[in-house]
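Engineer: data35.cif is reproduced in full below (mmCIF, C-alpha atoms).
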```
data_coords
#
loop_
_atom_site.group_PDB
_atom_site.id
_atom_site.type_symbol
_atom_site.label_atom_id
_atom_site.label_comp_id
_atom_site.auth_asym_id
_atom_site.auth_seq_id
_atom_site.Cartn_x
_atom_site.Cartn_y
_atom_site.Cartn_z
ATOM 1 C CA MET A 1 213.940 110.417 54.786
ATOM 2 C CA TYR A 2 215.013 107.496 52.650
ATOM 3 C CA ILE A 3 215.216 104.429 54.883
ATOM 4 C CA LYS A 4 218.861 103.619 54.092
ATOM 5 C CA LYS A 5 219.887 107.185 54.832
ATOM 6 C CA LEU A 6 217.979 107.054 58.100
ATOM 7 C CA GLU A 7 219.793 103.826 59.008
ATOM 8 C CA TYR A 8 223.130 105.472 58.234
ATOM 9 C CA PHE A 9 222.466 108.364 60.614
ATOM 10 C CA ARG A 10 221.257 105.986 63.315
ATOM 11 C CA ASP A 11 224.474 103.996 62.980
ATOM 12 C CA CYS A 12 226.515 107.173 63.406
ATOM 13 C CA TYR A 13 224.481 108.769 66.192
ATOM 14 C CA LYS A 14 222.712 106.955 69.044
ATOM 15 C CA GLU A 15 219.531 108.471 70.443
ATOM 16 C CA GLU A 16 220.846 108.735 74.006
ATOM 17 C CA ASP A 17 223.750 110.807 72.648
ATOM 18 C CA LEU A 18 221.651 113.455 70.873
ATOM 19 C CA ILE A 19 219.972 116.692 71.911
ATOM 20 C CA SER A 20 217.703 118.645 69.552
ATOM 21 C CA GLY A 21 218.052 122.379 69.246
ATOM 22 C CA LEU A 22 218.720 125.505 67.193
ATOM 23 C CA SER A 23 221.900 127.352 66.346
ATOM 24 C CA THR A 24 221.996 130.969 67.551
ATOM 25 C CA LYS A 25 224.726 132.082 65.164
ATOM 26 C CA VAL A 26 225.537 131.624 61.504
ATOM 27 C CA VAL A 27 227.397 128.339 61.007
ATOM 28 C CA ALA A 28 228.958 127.852 57.577
ATOM 29 C CA CYS A 29 225.976 128.253 55.217
ATOM 30 C CA MET A 30 223.372 127.678 57.942
ATOM 31 C CA PRO A 31 221.519 130.804 59.170
ATOM 32 C CA VAL A 32 220.637 131.717 62.752
ATOM 33 C CA GLY A 33 217.826 129.552 64.086
ATOM 34 C CA SER A 34 218.615 126.512 61.933
ATOM 35 C CA PRO A 35 217.394 123.195 63.422
ATOM 36 C CA CYS A 36 220.254 120.908 64.411
ATOM 37 C CA LEU A 37 221.343 118.060 66.663
ATOM 38 C CA VAL A 38 224.166 117.980 69.219
ATOM 39 C CA ALA A 39 226.154 114.753 69.497
ATOM 40 C CA LEU A 40 227.402 114.868 73.087
ATOM 41 C CA SER A 41 229.977 112.063 72.834
ATOM 42 C CA GLN A 42 231.670 113.829 69.914
ATOM 43 C CA SER A 43 231.686 117.234 71.607
ATOM 44 C CA LEU A 44 234.765 118.703 73.289
ATOM 45 C CA CYS A 45 234.669 118.695 77.112
ATOM 46 C CA HIS A 46 236.366 121.270 79.343
ATOM 47 C CA ASN A 47 238.026 118.425 81.229
ATOM 48 C CA SER A 48 238.941 115.537 78.937
ATOM 49 C CA ARG A 49 239.576 113.325 81.982
ATOM 50 C CA GLY A 50 236.005 113.688 83.199
ATOM 51 C CA SER A 51 233.297 111.111 82.630
ATOM 52 C CA LYS A 52 231.598 112.191 79.437
ATOM 53 C CA SER A 53 229.091 109.331 79.561
ATOM 54 C CA LYS A 54 227.972 110.361 83.055
ATOM 55 C CA THR A 55 227.554 113.951 81.865
ATOM 56 C CA ASN A 56 225.485 112.763 78.905
ATOM 57 C CA VAL A 57 223.151 110.784 81.154
ATOM 58 C CA GLU A 58 222.681 113.749 83.490
ATOM 59 C CA LEU A 59 221.860 116.091 80.617
ATOM 60 C CA GLN A 60 219.394 113.629 79.107
ATOM 61 C CA GLU A 61 217.646 113.263 82.475
ATOM 62 C CA LEU A 62 217.345 117.054 82.764
ATOM 63 C CA LEU A 63 215.958 117.173 79.239
ATOM 64 C CA LYS A 64 213.335 114.506 79.995
ATOM 65 C CA ALA A 65 212.339 116.465 83.099
ATOM 66 C CA GLY A 66 211.828 119.529 80.921
ATOM 67 C CA ASP A 67 214.452 121.590 82.765
ATOM 68 C CA ILE A 68 215.827 123.317 79.662
ATOM 69 C CA GLY A 69 217.571 126.017 81.711
ATOM 70 C CA LYS A 70 219.710 123.462 83.525
ATOM 71 C CA VAL A 71 220.477 121.682 80.241
ATOM 72 C CA HIS A 72 221.888 124.952 78.892
ATOM 73 C CA GLU A 73 223.880 125.455 82.081
ATOM 74 C CA GLY A 74 225.253 121.912 81.830
ATOM 75 C CA LEU A 75 226.307 122.346 78.210
ATOM 76 C CA LYS A 76 228.165 125.569 79.049
ATOM 77 C CA LYS A 77 229.688 124.025 82.191
ATOM 78 C CA PHE A 78 231.013 120.802 80.659
ATOM 79 C CA PHE A 79 231.669 121.561 76.976
ATOM 80 C CA ASP A 80 234.002 123.949 75.185
ATOM 81 C CA SER A 81 232.470 123.220 71.792
ATOM 82 C CA LEU A 82 229.612 121.083 70.524
ATOM 83 C CA HIS A 83 229.546 118.660 67.600
ATOM 84 C CA ILE A 84 226.562 119.809 65.530
ATOM 85 C CA LEU A 85 224.698 117.885 62.837
ATOM 86 C CA PHE A 86 222.511 119.790 60.377
ATOM 87 C CA LEU A 87 220.350 117.235 58.551
ATOM 88 C CA PHE A 88 219.331 119.704 55.835
ATOM 89 C CA SER A 89 222.224 121.638 54.355
ATOM 90 C CA MET A 90 221.551 124.883 52.484
ATOM 91 C CA ASN A 91 224.872 124.880 50.672
ATOM 92 C CA ASN A 92 225.066 123.059 47.342
ATOM 93 C CA ASP A 93 228.108 121.103 48.412
ATOM 94 C CA ASN A 94 228.928 117.448 47.847
ATOM 95 C CA LEU A 95 226.966 116.369 50.936
ATOM 96 C CA ASP A 96 223.325 117.207 51.620
ATOM 97 C CA HIS A 97 223.949 117.345 55.368
ATOM 98 C CA LEU A 98 226.503 119.284 57.374
ATOM 99 C CA THR A 99 228.568 118.777 60.531
ATOM 100 C CA ALA A 100 230.266 121.621 62.388
ATOM 101 C CA SER A 101 231.668 122.751 65.723
ATOM 102 C CA LEU A 102 229.680 125.301 67.702
ATOM 103 C CA ASN A 103 230.415 127.131 70.927
ATOM 104 C CA SER A 104 228.217 125.719 73.703
ATOM 105 C CA ASN A 105 226.632 129.113 74.397
ATOM 106 C CA ARG A 106 225.549 129.354 70.745
ATOM 107 C CA PHE A 107 223.172 126.406 70.943
ATOM 108 C CA TYR A 108 219.559 126.606 72.123
ATOM 109 C CA CYS A 109 218.057 123.330 73.308
ATOM 110 C CA VAL A 110 214.457 122.415 72.424
ATOM 111 C CA GLU A 111 212.194 119.722 73.855
ATOM 112 C CA LYS A 112 211.969 117.588 70.759
ATOM 113 C CA ARG A 113 212.970 114.023 70.166
ATOM 114 C CA PRO A 114 215.819 113.847 67.616
ATOM 115 C CA LEU A 115 214.239 113.763 64.156
ATOM 116 C CA ILE A 116 216.056 110.587 63.094
ATOM 117 C CA TYR A 117 214.552 108.713 66.072
ATOM 118 C CA ASP A 118 211.056 110.159 66.088
ATOM 119 C CA THR A 119 207.962 108.542 64.572
ATOM 120 C CA CYS A 120 207.750 108.430 60.794
ATOM 121 C CA SER A 121 205.657 106.895 58.034
ATOM 122 C CA SER A 122 207.474 105.058 55.234
ATOM 123 C CA ILE A 123 205.628 103.589 52.260
ATOM 124 C CA SER A 124 207.253 101.480 49.541
ATOM 125 C CA LEU A 125 205.737 101.736 46.052
ATOM 126 C CA GLU A 126 206.323 99.375 43.157
ATOM 127 C CA GLU A 127 204.628 101.512 40.507
ATOM 128 C CA ALA A 128 203.649 105.103 39.812
ATOM 129 C CA GLY A 129 200.182 106.530 40.315
ATOM 130 C CA GLN A 130 199.828 105.567 43.984
ATOM 131 C CA ILE A 131 200.655 108.934 45.573
ATOM 132 C CA ALA A 132 198.795 111.570 43.580
ATOM 133 C CA HIS A 133 196.512 111.504 40.564
ATOM 134 C CA ASP A 134 197.198 113.286 37.306
ATOM 135 C CA ASN A 135 193.602 114.384 37.072
ATOM 136 C CA SER A 136 192.303 117.927 37.539
ATOM 137 C CA GLN A 137 189.469 116.771 39.812
ATOM 138 C CA ASP A 138 191.623 114.486 41.955
ATOM 139 C CA ASN A 139 194.839 116.520 41.847
ATOM 140 C CA HIS A 140 194.730 117.376 45.558
ATOM 141 C CA ILE A 141 193.364 114.075 46.797
ATOM 142 C CA PHE A 142 196.456 113.089 48.759
ATOM 143 C CA MET A 143 196.970 116.461 50.501
ATOM 144 C CA PRO A 144 194.500 115.977 53.405
ATOM 145 C CA GLN A 145 196.069 112.591 54.143
ATOM 146 C CA LEU A 146 199.598 114.022 53.982
ATOM 147 C CA ILE A 147 198.789 116.937 56.283
ATOM 148 C CA SER A 148 197.087 114.553 58.701
ATOM 149 C CA GLN A 149 200.103 112.216 58.681
ATOM 150 C CA LEU A 150 202.492 115.083 59.436
ATOM 151 C CA LYS A 151 200.454 115.854 62.547
ATOM 152 C CA GLU A 152 201.172 112.335 63.794
ATOM 153 C CA ASP A 153 204.676 111.750 62.385
ATOM 154 C CA ARG A 154 207.790 113.905 62.120
ATOM 155 C CA PHE A 155 208.167 112.970 58.472
ATOM 156 C CA VAL A 156 206.479 110.948 55.735
ATOM 157 C CA ASN A 157 208.350 109.013 53.056
ATOM 158 C CA TYR A 158 207.238 107.424 49.794
ATOM 159 C CA THR A 159 209.789 105.369 47.871
ATOM 160 C CA PHE A 160 209.415 104.271 44.259
ATOM 161 C CA ASN A 161 211.316 101.038 43.607
ATOM 162 C CA ASN A 162 212.353 99.451 40.301
ATOM 163 C CA VAL A 163 212.356 102.724 38.394
ATOM 164 C CA SER A 164 213.603 102.383 34.808
ATOM 165 C CA LEU A 165 213.295 104.114 31.446
ATOM 166 C CA SER A 166 210.020 102.343 30.694
ATOM 167 C CA ASN A 167 208.242 103.786 33.751
ATOM 168 C CA ALA A 168 210.276 106.947 34.446
ATOM 169 C CA LYS A 169 207.678 109.149 32.727
ATOM 170 C CA ASP A 170 204.994 107.742 35.044
ATOM 171 C CA VAL A 171 207.103 108.584 38.100
ATOM 172 C CA ILE A 172 207.736 112.071 36.701
ATOM 173 C CA CYS A 173 203.989 112.456 36.145
ATOM 174 C CA ASP A 174 203.424 111.619 39.809
ATOM 175 C CA MET A 175 206.033 114.174 40.898
ATOM 176 C CA LYS A 176 204.415 116.852 38.726
ATOM 177 C CA SER A 177 201.051 116.062 40.300
ATOM 178 C CA ILE A 178 202.526 116.297 43.791
ATOM 179 C CA ILE A 179 204.129 119.676 43.066
ATOM 180 C CA ALA A 180 200.865 120.944 41.550
ATOM 181 C CA SER A 181 198.948 119.784 44.631
ATOM 182 C CA LEU A 182 201.408 121.416 47.017
ATOM 183 C CA THR A 183 201.447 124.667 45.041
ATOM 184 C CA ALA A 184 197.650 124.854 45.100
ATOM 185 C CA VAL A 185 197.620 124.664 48.902
ATOM 186 C CA TYR A 186 200.896 126.508 49.571
ATOM 187 C CA PRO A 187 201.393 129.246 46.920
ATOM 188 C CA ASN A 188 204.838 130.379 48.145
ATOM 189 C CA SER A 189 207.601 128.010 47.092
ATOM 190 C CA VAL A 190 211.323 127.800 46.468
ATOM 191 C CA SER A 191 214.026 125.181 45.960
ATOM 192 C CA PHE A 192 216.797 125.906 48.453
ATOM 193 C CA TYR A 193 219.048 122.918 47.841
ATOM 194 C CA HIS A 194 219.885 120.688 44.895
ATOM 195 C CA SER A 195 222.764 118.350 44.212
ATOM 196 C CA PRO A 196 225.816 119.610 42.315
ATOM 197 C CA TRP A 197 225.394 119.613 38.541
ATOM 198 C CA THR A 198 228.076 116.934 38.136
ATOM 199 C CA GLY A 199 225.422 114.231 38.393
ATOM 200 C CA CYS A 200 225.590 110.725 39.814
ATOM 201 C CA ARG A 201 228.028 107.836 39.433
ATOM 202 C CA ALA A 202 225.331 105.169 39.764
ATOM 203 C CA LEU A 203 222.270 104.068 37.828
ATOM 204 C CA ILE A 204 219.105 105.440 39.440
ATOM 205 C CA ASP A 205 216.364 102.897 40.145
ATOM 206 C CA THR A 206 215.015 104.361 43.403
ATOM 207 C CA VAL A 207 213.142 107.634 43.906
ATOM 208 C CA SER A 208 212.529 108.620 47.529
ATOM 209 C CA ILE A 209 210.070 111.463 48.223
ATOM 210 C CA SER A 210 209.930 112.747 51.812
ATOM 211 C CA PHE A 211 207.864 115.434 53.512
ATOM 212 C CA TYR A 212 208.858 117.313 56.689
ATOM 213 C CA LYS A 213 207.425 120.054 58.861
ATOM 214 C CA LEU A 214 208.962 123.445 58.057
ATOM 215 C CA ALA A 215 210.205 123.902 61.632
ATOM 216 C CA ASP A 216 212.373 120.783 61.322
ATOM 217 C CA VAL A 217 214.153 122.099 58.241
ATOM 218 C CA VAL A 218 214.461 125.907 58.266
ATOM 219 C CA PRO A 219 214.469 128.675 60.909
ATOM 220 C CA ILE A 220 210.964 129.737 61.979
ATOM 221 C CA PHE A 221 210.656 133.168 63.629
ATOM 222 C CA ASN A 222 206.911 133.717 63.203
ATOM 223 C CA ARG A 223 205.038 130.564 64.186
ATOM 224 C CA ARG A 224 201.659 132.098 63.369
ATOM 225 C CA LYS A 225 202.741 132.078 59.718
ATOM 226 C CA SER A 226 204.524 128.741 59.595
ATOM 227 C CA GLU A 227 201.987 126.672 57.652
ATOM 228 C CA GLY A 228 203.774 124.626 55.036
ATOM 229 C CA LEU A 229 206.205 121.800 54.515
ATOM 230 C CA CYS A 230 209.480 120.758 52.956
ATOM 231 C CA MET A 231 209.618 118.154 50.200
ATOM 232 C CA GLU A 232 212.844 116.253 49.624
ATOM 233 C CA ILE A 233 213.417 114.083 46.557
ATOM 234 C CA LEU A 234 216.388 111.719 46.585
ATOM 235 C CA LEU A 235 217.501 109.712 43.544
ATOM 236 C CA THR A 236 219.747 106.726 44.152
ATOM 237 C CA SER A 237 220.446 103.062 43.432
ATOM 238 C CA SER A 238 218.894 100.192 45.373
ATOM 239 C CA GLU A 239 222.260 98.423 45.111
ATOM 240 C CA MET A 240 223.969 101.202 47.040
ATOM 241 C CA ASP A 241 225.011 100.417 50.604
ATOM 242 C CA LYS A 242 223.672 102.820 53.263
ATOM 243 C CA SER A 243 227.183 104.077 54.004
ATOM 244 C CA ARG A 244 227.593 105.105 50.355
ATOM 245 C CA ILE A 245 224.171 106.694 49.905
ATOM 246 C CA VAL A 246 225.296 109.856 51.677
ATOM 247 C CA LYS A 247 228.620 110.140 49.851
ATOM 248 C CA SER A 248 229.405 112.535 47.054
ATOM 249 C CA GLU A 249 227.960 111.655 43.631
ATOM 250 C CA MET A 250 226.315 108.450 44.890
ATOM 251 C CA SER A 251 222.868 110.028 45.015
ATOM 252 C CA MET A 252 221.143 113.259 44.027
ATOM 253 C CA THR A 253 219.010 115.310 46.408
ATOM 254 C CA TYR A 254 216.530 118.107 45.688
ATOM 255 C CA ARG A 255 214.707 120.083 48.395
ATOM 256 C CA PHE A 256 211.704 122.379 48.071
ATOM 257 C CA LEU A 257 209.841 124.619 50.509
ATOM 258 C CA PHE A 258 206.083 125.202 50.190
ATOM 259 C CA ALA A 259 204.327 127.699 52.467
ATOM 260 C CA LYS A 260 201.085 129.657 52.804
ATOM 261 C CA HIS A 261 202.916 132.842 53.767
ATOM 262 C CA ARG A 262 206.069 134.543 52.531
ATOM 263 C CA GLU A 263 207.130 135.157 56.134
ATOM 264 C CA ASN A 264 209.791 132.673 57.353
ATOM 265 C CA ILE A 265 210.444 131.525 53.765
ATOM 266 C CA PHE A 266 211.288 134.764 51.939
ATOM 267 C CA SER A 267 211.394 137.326 54.730
ATOM 268 C CA ILE A 268 211.746 137.865 58.477
ATOM 269 C CA ASP A 269 209.992 140.949 59.889
ATOM 270 C CA GLY A 270 209.907 142.424 56.396
ATOM 271 C CA GLN A 271 213.614 141.862 55.730
ATOM 272 C CA PRO A 272 214.399 139.532 52.804
ATOM 273 C CA ILE A 273 216.059 136.206 53.529
ATOM 274 C CA LYS A 274 219.210 135.656 51.498
ATOM 275 C CA ARG A 275 220.076 132.056 50.617
ATOM 276 C CA ALA A 276 222.859 131.512 48.116
ATOM 277 C CA HIS A 277 221.236 128.690 46.181
ATOM 278 C CA ASP A 278 217.547 129.593 45.935
ATOM 279 C CA TYR A 279 215.926 128.753 42.595
ATOM 280 C CA PRO A 280 212.314 128.611 41.385
ATOM 281 C CA VAL A 281 210.703 125.217 41.965
ATOM 282 C CA SER A 282 209.755 124.916 38.281
ATOM 283 C CA ASP A 283 213.373 125.374 37.138
ATOM 284 C CA VAL A 284 214.810 122.797 39.528
ATOM 285 C CA ALA A 285 211.972 120.356 38.814
ATOM 286 C CA LYS A 286 212.877 120.408 35.103
ATOM 287 C CA ILE A 287 216.480 119.570 35.985
ATOM 288 C CA LEU A 288 215.300 116.796 38.300
ATOM 289 C CA TYR A 289 213.121 115.196 35.608
ATOM 290 C CA LYS A 290 215.931 115.396 33.062
ATOM 291 C CA LYS A 291 218.442 113.828 35.453
ATOM 292 C CA LEU A 292 216.041 111.023 36.321
ATOM 293 C CA GLU A 293 215.532 110.067 32.677
ATOM 294 C CA GLU A 294 219.278 110.352 32.054
ATOM 295 C CA TYR A 295 220.371 108.019 34.860
ATOM 296 C CA VAL A 296 217.692 105.300 35.018
ATOM 297 C CA PRO A 297 218.461 101.830 33.584
ATOM 298 C CA ASN A 298 217.408 101.438 29.950
ATOM 299 C CA ASP A 299 215.091 98.439 29.902
ATOM 300 C CA MET A 300 213.387 99.378 26.634
ATOM 301 C CA ALA A 301 215.436 96.960 24.503
ATOM 302 C CA GLU A 302 214.554 94.042 26.791
ATOM 303 C CA LYS A 303 210.858 94.934 26.707
ATOM 304 C CA LYS A 304 211.010 95.256 22.921
ATOM 305 C CA VAL A 305 212.420 91.720 22.647
ATOM 306 C CA LYS A 306 209.661 90.370 24.912
ATOM 307 C CA ARG A 307 206.998 92.080 22.811
ATOM 308 C CA SER A 308 208.555 90.647 19.652
ATOM 309 C CA LYS A 309 208.459 87.143 21.125
ATOM 310 C CA ARG A 310 204.791 87.546 21.975
ATOM 311 C CA ARG A 311 204.029 88.650 18.426
ATOM 312 C CA GLU A 312 205.891 85.603 17.065
ATOM 313 C CA SER A 313 203.755 83.298 19.195
ATOM 314 C CA LYS A 314 200.964 81.567 17.311
ATOM 315 C CA LYS A 315 198.448 78.826 17.857
ATOM 316 C CA VAL A 316 199.024 75.587 15.919
ATOM 317 C CA GLY A 317 196.569 72.725 16.472
ATOM 318 C CA GLY A 318 195.482 74.135 19.786
ATOM 319 C CA SER A 319 199.093 74.299 21.053
ATOM 320 C CA GLU A 320 201.103 77.503 21.445
ATOM 321 C CA ILE A 321 204.461 77.602 19.703
ATOM 322 C CA CYS A 322 206.858 80.458 20.513
ATOM 323 C CA ALA A 323 209.414 81.244 17.842
ATOM 324 C CA GLU A 324 212.886 81.762 19.204
ATOM 325 C CA LEU A 325 214.495 84.982 18.101
#
```
Transcribe the structure of this file into structure tokens.
Structural biologist:
Amino acid sequence: MYIKKLEYFRDCYKEEDLISGLSTKVVACMPVGSPCLVALSQSLCHNSRGSKSKTNVELQELLKAGDIGKVHEGLKKFFDSLHILFLFSMNNDNLDHLTASLNSNRFYCVEKRPLIYDTCSSISLEEAGQIAHDNSQDNHIFMPQLISQLKEDRFVNYTFNNVSLSNAKDVICDMKSIIASLTAVYPNSVSFYHSPWTGCRALIDTVSISFYKLADVVPIFNRRKSEGLCMEILLTSSEMDKSRIVKSEMSMTYRFLFAKHRENIFSIDGQPIKRAHDYPVSDVAKILYKKLEEYVPNDMAEKKVKRSKRRESKKVGGSEICAEL
């Protein structure tokens, strides 16, 4: 998750206020079993005059003790409806996350730390070529490291900074190499979310590439066939404040699923999964590359001037004279 986006969610939701879980009914575009977070302080209590903070503390203590049954009982006892946050929307709406109200008996608690507060690995890159290699022999060189990192961390993030027209093709080359590497290991793939086609209202100079475990993003019904990951690519501006990153048309987000098996991704017990906005990875990747080149700052003219100045430089009597253009 891009660091500014992570900071935004942490500002909105405190760790002691959150419980991780799954929805047990369809909510908006989100299918049964979708991973989500409950924000207790924003949920509706049976008795509005009661002490919500005290209830929150009690539920968190039960959760730490591993007494999931009593957590469920407490949620049903104290809350009419729960404020739910889905971090990974499946509906191509203006926002790439979703909030909703859910009946307290339609939420299943799990013993996981909230994703936005769990351990993560974030790496800042100043130039392309540092994630994967565009070389047939080294094309999968970063995969063992990535898989190993995801065993230790809930998600891994790489962020390209200072992206512009002069280096956009290098960044695109890296993304192509990453997709090729993932496809070689996980042959089943799909893009289940991409930003609206309207584009972005800001110049793009930052490309954030994040990797998550499948179980943190989509419903998993067969854990024996859950090998894979989700890749999220976010395009935005470094000048954008964290509160604006998540707003409509201030960034563009593309999400892809890669898995060893079709189960959980394309079918459940032989029945096909229907998602409204599924597209082939190759098709969405082409759109992503085109959008990136369209919205990055054009620094080619400036570089051309600098090259011209260097060509005008000449040695005269051992001293360098630069002609002013």
Engineer: Written as an MDAnalysis selection string, which residues does the PyMOL selection byres ((chain A and resi 158) around 10) give for the file shown?
Structural biologist: chainID A and resid 1:3 121:125 130:131 156:157 159:161 207:211 233
Engineer: Per residue of region 222-284 of chain A within 12 Å of region 97-107 of chain A, which atom pair is closest and at what distance in Å (one decimal), using all atoms listed in the file, listed by chain and increasing number, as JSON lines?
Structural biologist:
```
{"residue": "A:Ile245", "atom": "CA", "partner": "A:His97", "partner_atom": "CA", "distance": 12.0}
{"residue": "A:Val246", "atom": "CA", "partner": "A:His97", "partner_atom": "CA", "distance": 8.5}
{"residue": "A:Lys247", "atom": "CA", "partner": "A:His97", "partner_atom": "CA", "distance": 10.2}
{"residue": "A:Ser248", "atom": "CA", "partner": "A:His97", "partner_atom": "CA", "distance": 11.0}
{"residue": "A:Thr253", "atom": "CA", "partner": "A:His97", "partner_atom": "CA", "distance": 10.4}
{"residue": "A:Arg255", "atom": "CA", "partner": "A:His97", "partner_atom": "CA", "distance": 11.9}
```
Engineer: May I ask which of the residues A:Asn264, A:Asn167, A:Ser189, A:Asn56 is the closest one to Arg224 (chain A), counting all atoms listed in the file?
Structural biologist: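 For Arg224 (chain A), the nearest of the candidates is A:Asn264.
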Engineer: Any idea what the distance is between CA of Cys36 (chain A) and CA of Ser89 (chain A)?
Structural biologist: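 Separating CA of Cys36 (chain A) from CA of Ser89 (chain A) is a distance of 10.3 Å.
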Engineer: Find the residue from A:Asn92, A:Ser267, A:Asp170, A:Arg154 that sits nearest to Glu126 (chain A); use only C-alpha atoms when measuring.
Structural biologist: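 For Glu126 (chain A), the nearest of the given residues is A:Asp170.
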Engineer: In Å to one decimal, how far is CA of Ser148 (chain A) from CA of Asn188 (chain A)?
Structural biologist: 20.5 Å
Engineer: Just to confirm, what's the straight-line distance from CA of Asp278 (chain A) to CA of Phe258 (chain A) in Å (one decimal)?
Structural biologist: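 Straight-line distance from CA of Asp278 (chain A) to CA of Phe258 (chain A) works out to 13.0 Å.
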Engineer: Name the residues in contact with Pro280 (chain A) at a cut-off of 9 Å, using all atoms listed in the file, excluding same-chain residues fewer than 5 positions from it; report them as a list in words.
Structural biologist: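 With the cut-off at 9 Å, the set is Ser189, Val190, Ser191, Phe192 and Ala285 of chain A.
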Engineer: Write out as number ranges by chain the residues lying within 12 Å of region 66-77 of chain A, counting only C-alpha atoms and excluding same-chain residues fewer than 4 positions away.
Structural biologist: A: 19-21, 38-40, 43-47, 52, 54-62, 81-83, 102-112
Engineer: Using only C-alpha atoms, find the one residue out of A:Lys291, A:Arg10, A:His194, A:Lys151 that sits nearest to Asn94 (chain A).
Structural biologist: A:His194
Engineer: Evaluate the PyMOL selection byres ((chain A and resi 116) around 9) here and jot the selected residues down as a PyMOL selection string.
Structural biologist: chain A and resi 1+6-7+9-10+15+113-115+117-120+154
